[in-house]
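**Student:** File follows, upload18.txt with compact mmCIF, C-alpha atoms:
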# COMPACT_ATOMS: atom_id res chain seq x y z
CA MET A 6 28.92 102.87 -35.85
CA ILE A 7 25.61 104.72 -36.11
CA ASN A 8 23.99 104.66 -32.64
CA ILE A 9 20.24 105.28 -32.76
CA ILE A 10 18.72 106.20 -29.43
CA ASP A 11 15.61 104.23 -28.53
CA TYR A 12 13.54 106.27 -26.08
CA GLU A 13 10.19 104.94 -27.34
CA GLY A 14 10.17 107.46 -30.21
CA GLY A 15 7.58 106.27 -32.71
CA ASN A 16 9.72 106.42 -35.85
CA LEU A 17 12.59 104.31 -34.52
CA PHE A 18 11.97 101.35 -36.83
CA SER A 19 11.74 103.48 -39.99
CA VAL A 20 14.94 105.33 -39.11
CA VAL A 21 16.78 102.06 -38.45
CA LYS A 22 15.49 100.58 -41.72
CA ALA A 23 16.50 103.65 -43.72
CA PHE A 24 20.08 103.42 -42.40
CA GLU A 25 20.14 99.68 -43.13
CA PHE A 26 18.82 100.35 -46.63
CA LEU A 27 21.84 102.62 -47.13
CA GLY A 28 24.21 99.84 -46.14
CA ALA A 29 24.95 101.08 -42.62
CA GLU A 30 24.63 98.73 -39.65
CA PRO A 31 22.96 100.93 -37.07
CA LYS A 32 22.87 99.96 -33.42
CA VAL A 33 19.79 100.73 -31.35
CA ILE A 34 20.81 101.89 -27.89
CA THR A 35 18.48 102.24 -24.90
CA ARG A 36 21.12 103.51 -22.43
CA PRO A 37 24.41 105.38 -22.68
CA GLU A 38 26.45 102.29 -21.69
CA GLU A 39 25.42 100.60 -24.94
CA TYR A 40 27.04 103.31 -27.06
CA GLU A 41 29.76 102.19 -29.47
CA ALA A 42 32.20 104.76 -30.81
CA GLY A 43 30.62 106.55 -33.76
CA LYS A 44 27.71 108.82 -34.62
CA ILE A 45 24.47 109.36 -32.73
CA VAL A 46 20.92 109.71 -34.09
CA ILE A 47 18.07 111.06 -31.96
CA PRO A 48 14.85 110.10 -33.79
CA GLY A 49 11.52 111.34 -32.56
CA VAL A 50 7.81 111.51 -32.95
CA GLY A 51 5.59 112.99 -30.30
CA ASP A 52 5.72 115.47 -27.49
CA PHE A 53 8.73 117.63 -26.50
CA GLY A 54 8.11 117.05 -22.78
CA ASP A 55 7.68 113.27 -23.14
CA ALA A 56 10.80 113.03 -25.28
CA MET A 57 12.93 114.92 -22.73
CA ARG A 58 11.49 112.91 -19.84
CA ALA A 59 12.20 109.64 -21.64
CA LEU A 60 15.79 110.72 -22.35
CA GLN A 61 16.27 111.77 -18.71
CA GLU A 62 14.93 108.45 -17.39
CA ARG A 63 17.59 106.74 -19.50
CA ASN A 64 20.35 109.16 -18.41
CA PHE A 65 20.95 110.47 -21.91
CA PRO A 66 21.13 114.29 -21.51
CA LEU A 67 24.50 114.44 -19.72
CA PHE A 68 25.90 111.71 -21.99
CA LEU A 69 24.84 113.64 -25.10
CA HIS A 70 26.53 116.79 -23.81
CA GLU A 71 29.73 114.86 -23.12
CA LYS A 72 29.72 113.28 -26.58
CA ALA A 73 28.99 116.63 -28.21
CA GLN A 74 31.99 118.09 -26.38
CA GLU A 75 34.16 115.22 -27.61
CA GLY A 76 33.16 116.10 -31.17
CA VAL A 77 30.89 113.10 -31.82
CA LEU A 78 28.60 113.73 -34.81
CA LEU A 79 24.99 113.89 -33.73
CA ILE A 80 21.71 114.42 -35.60
CA GLY A 81 18.20 115.03 -34.27
CA ILE A 82 15.12 114.24 -36.37
CA CYS A 83 11.71 115.98 -35.96
CA VAL A 84 11.12 116.22 -32.19
CA GLY A 85 14.72 115.05 -32.01
CA VAL A 86 15.85 118.40 -33.43
CA GLN A 87 13.41 120.43 -31.33
CA ILE A 88 14.85 119.05 -28.09
CA LEU A 89 18.29 120.31 -29.16
CA PHE A 90 16.84 123.77 -28.40
CA GLN A 91 16.17 125.46 -25.09
CA SER A 92 12.42 125.11 -24.66
CA SER A 93 9.09 124.58 -26.40
CA GLU A 94 5.59 125.96 -26.07
CA GLU A 95 4.52 122.31 -26.18
CA ALA A 96 5.94 121.70 -22.70
CA PRO A 97 6.68 125.05 -21.03
CA ASP A 98 8.04 123.47 -17.84
CA THR A 99 10.55 121.22 -19.60
CA LYS A 100 14.10 122.29 -20.38
CA GLY A 101 15.56 121.13 -23.68
CA LEU A 102 19.15 120.02 -24.29
CA SER A 103 20.03 123.63 -25.20
CA PHE A 104 22.68 122.98 -27.84
CA PHE A 105 21.04 125.82 -29.77
CA ARG A 106 19.52 129.04 -28.46
CA ASN A 107 15.88 129.52 -29.42
CA ALA A 108 12.42 128.53 -28.22
CA VAL A 109 10.20 126.16 -30.20
CA LYS A 110 6.74 127.60 -30.92
CA ARG A 111 3.30 126.36 -31.97
CA PHE A 112 2.18 127.34 -35.50
CA SER A 113 -0.15 130.29 -35.35
CA PRO A 114 -3.80 129.57 -36.09
CA GLY A 115 -4.87 130.38 -39.63
CA GLY A 116 -3.01 127.73 -41.57
CA LYS A 117 -3.85 124.10 -41.03
CA ILE A 118 -2.09 122.49 -38.08
CA PRO A 119 -0.24 120.09 -38.16
CA HIS A 120 1.94 121.16 -41.05
CA MET A 121 1.60 117.80 -42.77
CA GLY A 122 3.01 116.63 -46.07
CA TRP A 123 5.68 117.47 -48.63
CA ASN A 124 7.19 120.93 -48.64
CA THR A 125 10.32 122.50 -50.14
CA LEU A 126 13.64 123.28 -48.52
CA ASP A 127 15.13 126.70 -49.02
CA PHE A 128 18.90 126.57 -48.45
CA HIS A 129 20.89 129.54 -47.26
CA SER A 130 24.31 128.08 -46.94
CA GLU A 131 26.24 125.18 -48.33
CA ASN A 132 26.49 122.28 -45.98
CA PRO A 133 27.87 118.75 -46.31
CA LEU A 134 24.57 117.36 -44.99
CA LEU A 135 22.88 118.69 -48.13
CA TYR A 136 25.50 117.43 -50.56
CA ASN A 137 23.84 116.28 -53.82
CA VAL A 138 20.48 117.65 -52.68
CA GLU A 139 19.00 120.33 -54.87
CA ASN A 140 17.77 123.59 -53.39
CA GLY A 141 13.96 123.43 -53.50
CA SER A 142 13.77 119.65 -52.97
CA TYR A 143 10.64 118.23 -51.37
CA VAL A 144 10.80 116.54 -47.99
CA TYR A 145 8.09 115.15 -45.71
CA PHE A 146 7.00 117.10 -42.62
CA ALA A 147 4.52 116.25 -39.86
CA HIS A 148 4.62 118.68 -36.95
CA SER A 149 2.58 121.27 -35.05
CA TYR A 150 5.52 123.08 -33.44
CA TYR A 151 8.38 124.80 -35.20
CA ILE A 152 11.77 126.41 -34.70
CA PRO A 153 11.32 130.11 -35.55
CA VAL A 154 13.63 131.55 -38.15
CA ALA A 155 16.17 133.64 -36.27
CA SER A 156 19.26 135.53 -37.28
CA ASN A 157 21.83 133.05 -36.14
CA ASP A 158 24.77 130.95 -37.11
CA TYR A 159 23.12 127.53 -37.15
CA GLU A 160 20.31 127.71 -39.71
CA ILE A 161 21.19 125.89 -42.95
CA ALA A 162 17.76 125.72 -44.60
CA HIS A 163 14.29 126.91 -43.87
CA CYS A 164 10.78 126.15 -45.09
CA HIS A 165 7.75 128.32 -45.80
CA TYR A 166 4.41 127.66 -44.17
CA SER A 167 1.99 129.85 -42.21
CA ASP A 168 5.10 130.74 -40.23
CA SER A 169 8.51 130.32 -41.88
CA PHE A 170 10.62 127.97 -39.84
CA THR A 171 14.06 126.44 -39.56
CA ALA A 172 14.23 123.08 -41.33
CA VAL A 173 17.92 122.15 -41.12
CA VAL A 174 20.41 123.16 -38.45
CA ASN A 175 24.12 122.62 -37.99
CA ARG A 176 26.86 123.98 -35.81
CA ASP A 177 30.16 122.13 -35.49
CA ASN A 178 29.30 118.45 -34.97
CA ILE A 179 25.61 118.92 -34.12
CA TYR A 180 22.99 118.52 -36.86
CA GLY A 181 19.21 118.47 -36.94
CA VAL A 182 16.33 118.24 -39.40
CA GLN A 183 12.68 119.11 -38.76
CA PHE A 184 11.37 116.81 -41.51
CA HIS A 185 11.51 113.02 -41.70
CA PRO A 186 14.43 112.04 -43.96
CA GLU A 187 13.51 108.37 -43.40
CA LYS A 188 10.18 109.12 -45.12
CA SER A 189 11.37 111.60 -47.74
CA GLN A 190 12.20 109.15 -50.49
CA LYS A 191 15.36 109.82 -52.53
CA THR A 192 16.02 113.26 -51.04
CA GLY A 193 15.75 111.98 -47.49
CA LEU A 194 17.92 108.96 -48.17
CA GLN A 195 20.58 111.22 -49.73
CA ILE A 196 20.62 113.33 -46.57
CA LEU A 197 21.01 110.26 -44.36
CA LYS A 198 23.74 108.98 -46.69
CA ASN A 199 25.50 112.33 -46.30
CA PHE A 200 25.27 112.00 -42.53
CA ILE A 201 26.80 108.49 -42.71
CA GLU A 202 29.64 109.85 -44.82
CA LEU A 203 30.35 112.99 -42.75
CA MET B 6 5.04 125.36 -50.78
CA LEU B 7 3.08 122.55 -49.14
CA VAL B 8 1.72 120.27 -51.86
CA LYS B 9 -1.63 118.54 -52.21
CA ARG B 10 -1.05 114.85 -51.60
CA ILE B 11 -2.19 111.92 -53.73
CA ILE B 12 -2.77 108.81 -51.66
CA PRO B 13 -3.52 105.30 -52.90
CA CYS B 14 -5.47 103.32 -50.32
CA LEU B 15 -4.93 99.61 -49.92
CA ASP B 16 -7.56 97.54 -48.14
CA VAL B 17 -5.86 94.53 -46.61
CA THR B 18 -6.96 91.38 -44.87
CA GLY B 19 -4.76 88.48 -43.83
CA GLY B 20 -1.79 90.42 -45.17
CA ARG B 21 -3.24 90.67 -48.71
CA VAL B 22 -4.68 93.62 -50.62
CA VAL B 23 -8.37 93.45 -51.52
CA LYS B 24 -10.59 95.78 -53.49
CA GLY B 25 -13.69 97.25 -51.97
CA VAL B 26 -16.74 98.28 -53.94
CA LYS B 27 -19.32 99.94 -51.69
CA PHE B 28 -17.61 98.08 -48.85
CA VAL B 29 -18.57 94.59 -50.16
CA ASP B 30 -17.61 92.25 -53.05
CA LEU B 31 -13.94 91.81 -52.39
CA ILE B 32 -11.46 90.86 -55.11
CA ASP B 33 -7.81 90.07 -54.38
CA ALA B 34 -5.56 92.73 -55.89
CA GLY B 35 -2.13 91.65 -54.77
CA ASP B 36 0.68 91.73 -52.32
CA PRO B 37 0.85 94.84 -50.07
CA VAL B 38 4.62 95.26 -50.21
CA GLU B 39 4.67 94.90 -54.00
CA GLN B 40 1.81 97.38 -54.30
CA ALA B 41 3.50 99.80 -51.91
CA GLN B 42 6.71 99.65 -53.90
CA TYR B 43 4.84 100.22 -57.15
CA TYR B 44 3.11 103.33 -55.79
CA ASN B 45 6.31 104.62 -54.22
CA GLU B 46 7.98 104.51 -57.63
CA GLU B 47 4.93 106.00 -59.32
CA GLY B 48 5.18 109.07 -57.10
CA ALA B 49 2.51 108.45 -54.46
CA ASP B 50 2.91 111.07 -51.73
CA GLU B 51 1.69 108.75 -49.04
CA LEU B 52 -0.11 105.42 -48.60
CA VAL B 53 -3.02 104.25 -46.47
CA PHE B 54 -3.50 100.64 -45.41
CA LEU B 55 -6.89 99.72 -44.02
CA ASP B 56 -7.09 96.33 -42.37
CA ILE B 57 -10.64 95.20 -43.00
CA THR B 58 -10.30 91.98 -41.02
CA ALA B 59 -13.27 92.14 -38.66
CA SER B 60 -11.82 90.20 -35.74
CA SER B 61 -8.69 90.96 -33.80
CA ASP B 62 -6.96 87.76 -34.98
CA GLY B 63 -4.31 88.44 -37.51
CA ARG B 64 -2.79 91.38 -35.60
CA ASP B 65 0.57 89.67 -35.93
CA ILE B 66 0.07 89.33 -39.68
CA LEU B 67 -0.76 93.03 -39.88
CA GLN B 68 2.27 94.02 -37.82
CA ASP B 69 4.49 91.87 -39.97
CA MET B 70 3.05 93.52 -43.08
CA VAL B 71 3.65 97.00 -41.64
CA ARG B 72 7.23 96.04 -40.83
CA ARG B 73 7.84 94.72 -44.35
CA VAL B 74 6.32 97.82 -45.97
CA ALA B 75 8.38 100.18 -43.78
CA ALA B 76 11.56 98.28 -44.60
CA THR B 77 10.92 98.60 -48.34
CA ILE B 78 9.47 102.05 -48.96
CA HIS B 79 10.54 105.44 -47.70
CA ILE B 80 7.35 107.47 -47.90
CA PRO B 81 4.86 108.02 -45.08
CA PHE B 82 2.00 105.61 -44.54
CA THR B 83 -1.07 105.31 -42.36
CA VAL B 84 -2.52 102.11 -40.95
CA GLY B 85 -6.12 101.72 -39.85
CA GLY B 86 -8.65 99.04 -39.01
CA GLY B 87 -9.37 97.37 -35.70
CA ILE B 88 -7.14 99.66 -33.63
CA ARG B 89 -8.83 99.94 -30.24
CA SER B 90 -6.24 101.09 -27.73
CA VAL B 91 -3.12 103.16 -27.24
CA ALA B 92 -1.20 99.87 -26.97
CA ASP B 93 -2.52 98.81 -30.42
CA MET B 94 -1.39 102.20 -31.79
CA ARG B 95 2.06 101.86 -30.25
CA ASP B 96 2.51 98.36 -31.76
CA ILE B 97 1.73 99.59 -35.26
CA LEU B 98 3.79 102.78 -34.98
CA ARG B 99 6.77 100.85 -33.64
CA CYS B 100 6.56 98.62 -36.72
CA GLY B 101 7.20 101.66 -38.92
CA ALA B 102 3.80 103.22 -39.65
CA ASP B 103 3.65 107.02 -39.44
CA LYS B 104 0.02 107.49 -38.61
CA ILE B 105 -2.86 105.52 -37.14
CA SER B 106 -6.35 105.81 -38.51
CA ILE B 107 -9.31 105.12 -36.22
CA ASN B 108 -13.00 105.11 -37.11
CA THR B 109 -15.47 102.92 -35.19
CA SER B 110 -13.24 102.77 -32.11
CA ALA B 111 -13.08 106.60 -32.01
CA ILE B 112 -16.88 106.85 -32.11
CA LYS B 113 -17.28 104.20 -29.41
CA ASN B 114 -14.55 105.72 -27.27
CA PRO B 115 -13.80 109.33 -28.28
CA ASP B 116 -11.24 109.56 -25.47
CA LEU B 117 -9.03 107.23 -27.53
CA ILE B 118 -8.34 110.17 -29.88
CA THR B 119 -7.13 112.29 -26.96
CA GLN B 120 -5.05 109.49 -25.48
CA GLY B 121 -3.45 108.72 -28.83
CA ALA B 122 -2.67 112.36 -29.52
CA ARG B 123 -1.16 112.75 -26.07
CA ALA B 124 1.00 109.65 -26.44
CA PHE B 125 2.23 110.15 -30.00
CA GLY B 126 1.25 113.68 -31.03
CA SER B 127 -1.75 114.80 -33.08
CA GLN B 128 0.18 114.31 -36.31
CA CYS B 129 -0.04 110.53 -35.72
CA ILE B 130 -3.80 110.38 -35.24
CA VAL B 131 -6.11 110.28 -38.25
CA VAL B 132 -9.85 110.04 -37.61
CA ALA B 133 -11.67 108.37 -40.51
CA THR B 134 -15.36 109.05 -41.00
CA ASP B 135 -17.88 107.26 -43.20
CA ALA B 136 -20.65 109.73 -44.02
CA ARG B 137 -23.92 109.33 -45.89
CA ARG B 138 -26.20 112.12 -47.00
CA LYS B 139 -29.41 112.46 -45.01
CA GLY B 140 -31.51 115.38 -46.25
CA VAL B 141 -29.42 118.54 -45.98
CA SER B 142 -26.77 117.01 -43.76
CA TRP B 143 -24.70 113.84 -43.42
CA ASP B 144 -25.01 110.97 -41.01
CA THR B 145 -22.03 109.10 -39.54
CA TYR B 146 -21.63 105.33 -39.93
CA THR B 147 -19.49 102.74 -38.14
CA HIS B 148 -18.19 99.25 -38.86
CA GLY B 149 -17.14 99.91 -42.44
CA GLY B 150 -20.41 101.66 -43.23
CA ARG B 151 -22.80 99.12 -41.74
CA TYR B 152 -24.42 101.00 -38.87
CA SER B 153 -25.73 104.53 -38.56
CA VAL B 154 -24.94 106.19 -35.26
CA ASN B 155 -27.29 109.15 -35.70
CA MET B 156 -24.49 111.64 -35.40
CA ASP B 157 -23.98 114.59 -37.73
CA ALA B 158 -20.76 113.96 -39.69
CA VAL B 159 -19.66 117.60 -39.66
CA GLN B 160 -20.23 117.90 -35.91
CA TRP B 161 -18.35 114.67 -35.32
CA ALA B 162 -15.44 115.90 -37.45
CA LYS B 163 -15.23 119.04 -35.32
CA GLU B 164 -15.35 117.06 -32.12
CA ALA B 165 -12.64 114.67 -33.32
CA VAL B 166 -10.34 117.61 -34.02
CA GLU B 167 -11.08 119.22 -30.65
CA ARG B 168 -10.14 115.91 -29.06
CA GLY B 169 -6.78 115.84 -30.81
CA ALA B 170 -7.15 114.34 -34.30
CA GLY B 171 -4.38 115.66 -36.54
CA GLU B 172 -6.07 114.77 -39.78
CA LEU B 173 -9.47 113.64 -41.06
CA LEU B 174 -10.11 111.01 -43.72
CA VAL B 175 -13.61 111.69 -45.00
CA THR B 176 -15.35 109.00 -47.05
CA SER B 177 -18.66 109.65 -48.74
CA MET B 178 -20.59 106.38 -48.73
CA ASP B 179 -22.95 107.78 -51.37
CA CYS B 180 -20.09 108.36 -53.78
CA ASP B 181 -17.86 105.42 -52.86
CA GLY B 182 -17.59 102.93 -55.70
CA THR B 183 -19.60 105.05 -58.15
CA GLN B 184 -16.56 106.63 -59.86
CA GLU B 185 -18.68 109.76 -60.37
CA GLY B 186 -16.66 112.16 -58.21
CA PHE B 187 -16.12 113.03 -54.57
CA ASP B 188 -18.82 114.61 -52.40
CA ASN B 189 -17.26 118.06 -52.61
CA GLU B 190 -20.02 119.70 -50.62
CA LEU B 191 -19.36 117.42 -47.65
CA LEU B 192 -15.60 117.88 -47.97
CA ALA B 193 -15.80 121.67 -48.17
CA ARG B 194 -18.17 121.84 -45.23
CA ILE B 195 -15.79 119.82 -43.04
CA SER B 196 -12.62 121.48 -44.34
CA GLU B 197 -13.98 124.93 -43.53
CA GLU B 198 -14.99 123.88 -40.03
CA VAL B 199 -11.73 122.31 -38.91
CA SER B 200 -8.12 123.44 -38.58
CA VAL B 201 -6.49 120.13 -39.60
CA PRO B 202 -5.83 118.65 -43.06
CA VAL B 203 -8.71 116.76 -44.72
CA ILE B 204 -8.26 113.73 -47.00
CA ALA B 205 -11.00 113.27 -49.61
CA SER B 206 -12.18 109.70 -50.16
CA GLY B 207 -14.91 107.90 -52.07
CA GLY B 208 -16.08 108.41 -55.64
CA ALA B 209 -12.97 109.11 -57.73
CA GLY B 210 -13.32 107.99 -61.34
CA ALA B 211 -11.50 110.56 -63.47
CA VAL B 212 -8.62 113.05 -63.24
CA ARG B 213 -11.08 115.95 -63.05
CA HIS B 214 -12.59 114.56 -59.84
CA PHE B 215 -9.29 114.93 -58.00
CA VAL B 216 -8.86 118.50 -59.19
CA ASP B 217 -12.42 119.29 -58.09
CA ALA B 218 -11.90 117.74 -54.65
CA VAL B 219 -9.05 120.19 -54.07
CA LYS B 220 -10.66 123.21 -55.75
CA PHE B 221 -14.24 122.83 -54.60
CA GLY B 222 -13.94 120.29 -51.79
CA LYS B 223 -10.97 122.24 -50.31
CA ALA B 224 -9.25 118.92 -49.63
CA ASP B 225 -5.60 118.81 -48.59
CA ALA B 226 -5.13 115.30 -49.95
CA VAL B 227 -7.04 112.97 -52.25
CA LEU B 228 -7.39 109.24 -51.85
CA ALA B 229 -8.47 106.42 -54.16
CA ALA B 230 -8.23 102.64 -54.17
CA SER B 231 -9.46 100.45 -57.03
CA LEU B 232 -8.95 103.20 -59.58
CA PHE B 233 -5.22 102.94 -58.95
CA HIS B 234 -5.06 99.20 -58.33
CA PHE B 235 -6.58 98.35 -61.68
CA ARG B 236 -4.52 101.03 -63.43
CA GLN B 237 -7.53 102.96 -64.67
CA LEU B 238 -5.59 106.10 -63.78
CA THR B 239 -1.99 106.75 -62.84
CA ILE B 240 -0.78 109.07 -60.12
CA ASN B 241 1.29 110.87 -62.70
CA GLU B 242 -1.80 111.76 -64.75
CA ILE B 243 -3.34 113.36 -61.68
CA LYS B 244 -0.12 115.20 -60.86
CA LYS B 245 0.04 116.60 -64.39
CA ALA B 246 -3.54 117.81 -64.12
CA PHE B 247 -2.80 119.43 -60.74
CA PHE B 248 0.23 121.16 -62.18
CA LYS B 249 -1.78 122.46 -65.13
CA ASP B 250 -4.45 123.76 -62.76
CA GLU B 251 -1.81 125.46 -60.59
CA ILE B 252 -2.44 123.16 -57.65
CA PRO B 253 0.87 122.68 -55.79
CA VAL B 254 2.17 119.20 -56.44
CA ARG B 255 5.41 117.28 -55.83
CA LEU B 256 7.14 117.12 -59.21
CA PRO B 257 9.56 115.56 -59.97
CA TYR B 258 9.60 112.98 -57.23
Take the structure from the file and write it as structure tokens.
**Tutor:**
Amino acid sequence: MINIIDYEGGNLFSVVKAFEFLGAEPKVITRPEEYEAGKIVIPGVGDFGDAMRALQERNFPLFLHEKAQEGVLLIGICVGVQILFQSSEEAPDTKGLSFFRNAVKRFSPGGKIPHMGWNTLDFHSENPLLYNVENGSYVYFAHSYYIPVASNDYEIAHCHYSDSFTAVVNRDNIYGVQFHPEKSQKTGLQILKNFIEL
Amino acid sequence: MLVKRIIPCLDVTGGRVVKGVKFVDLIDAGDPVEQAQYYNEEGADELVFLDITASSDGRDILQDMVRRVAATIHIPFTVGGGIRSVADMRDILRCGADKISINTSAIKNPDLITQGARAFGSQCIVVATDARRKGVSWDTYTHGGRYSVNMDAVQWAKEAVERGAGELLVTSMDCDGTQEGFDNELLARISEEVSVPVIASGGAGAVRHFVDAVKFGKADAVLAASLFHFRQLTINEIKKAFFKDEIPVRLPY
């Protein structure tokens, strides 16, 4: 089962439809009790602070940590990946889920903000999430905050903009993508298909 | 590298696509989902749907259309027209749209931009402006270009961005429907003044016009409606021209 967390994230419907398009039967869950054994998707559009607050109101943070410990496969999309980190300049007083060490930053002025549109992925390591996806493929981004490129063990691909940033992360059973696979046509669908098949 | 986007715009009313020439004389040009699918396959980078229904009836029809489009295509799309509140925005976004475009309602209630950006993030809020040349500057119009509000279009663009708009869709009313090219002077003026992406709209008639809107108008994306609907030009022809002119473009798609 693919469990998609509904915490009022704006792109919920598109994410659900993309999984259905791929033949999966995703289940939308609004509280941990509704979870059915399987994978977890954290979609997301909007503010880091609002997203964390909405997850807390629905008692998800502890549940997600437990599931992560049990080895459940989990993927965060857009703000959904940012909240897997420790903190963000978008909401300095809010603590993230802290699966990964790093602080999310706002793009520096100079380039246009938000970083909006199709940009290329630059892979640095092979990963099953990117199976059948060519290095340099275009995916759709829409964000004003980014995960800084850091020397670390979790970065799978990055992207070049006014600041280079981490676009795909993975460590053990935790995955995340900064772009919107549900809106990235064939490339995005391939990535979601890979997640289904992991 | 971030590419320049090519965006077909579909004017819809009662769940059907219509063609707009200088904002009047409407001709039916098909089913929105079918059109969306066609453009998705043709390589459109994004789509814009503008609901030109004047009244607030038909919101259910619009939501149903948004839902059907989102279920069929997997590229980003913006929905605009008659969106007056954060609740309206939420309804449309929850149906699968990526961005909301507001025009008249933003001018009447500029705080709506801020509220929308706070609720969904700036990247969801597009402010659309209809501008008409007035001497050395441009005046802003509301209600699909019917009324002047005596507000400088460049100043308004700056204010919209300060209030939280994540993108601007700039339509030149002078150029719209003429097929003689975009108002690149207007576009460049706005693009240089703001920090967010600018979508060029109004006046496209030939491949060269799109190239010029990027090169001289400094646009981040280019939009056209009837030109695409009646197959006068294909998206691929524009992409080839961009590529030749070394404008970053998504190829192959």
**Student:** Can you measure CA of Asn137 in chain A to CA of Lys191 in chain A for me? One decimal in Å is fine.
**Tutor:**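 That distance, rounded to one decimal, is 10.7 Å.
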**Student:** In terms of the shortest atom-to-atom distance over all atoms listed in the file, which of B:Ala218, B:Val166, B:Met70, B:Val201 is closest to chain A?
**Tutor:**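 Closest residue, counting all atoms listed in the file: B:Val201.
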**Student:** From the options A:Ser156, A:Gln190, A:Asn8, A:Asn140, which residue's atoms come nearest to Ala42 in chain A, counting only C-alpha atoms?
**Tutor:** A:Asn8
**Student:** May I have the protein, DNA and RNA residues with an atom at most 9 Å from (2.8, 121.0, -46.8), counting all atoms listed in the file in the file's coordinates, returned as a list in words?
**Tutor:**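 Protein and nucleic acid residues near the point are His120, Met121, Gly122, Trp123, Asn124, Thr125, Tyr145, Phe146, Ala147, His165 and Tyr166 of chain A; Met6, Leu7, Val8, Lys9, Arg10 and Asp225 of chain B.
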**Student:** Pick from A:Ile88, A:Leu60, A:Cys164, A:Ile47: nearest to chain B, with only C-alpha atoms counted?
**Tutor:**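 Among the listed residues, the smallest separation from chain B belongs to A:Cys164.
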**Student:** Residues at most 7 Å from Gly101 in chain A, counting only C-alpha atoms, excluding those fewer than 5 positions away in the same chain, as a list of chain:residue names?
**Tutor:**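 Result of the neighbour search: A:Met57, A:Ile88, A:Leu89, A:Phe90, A:Gln91, A:Ser92.
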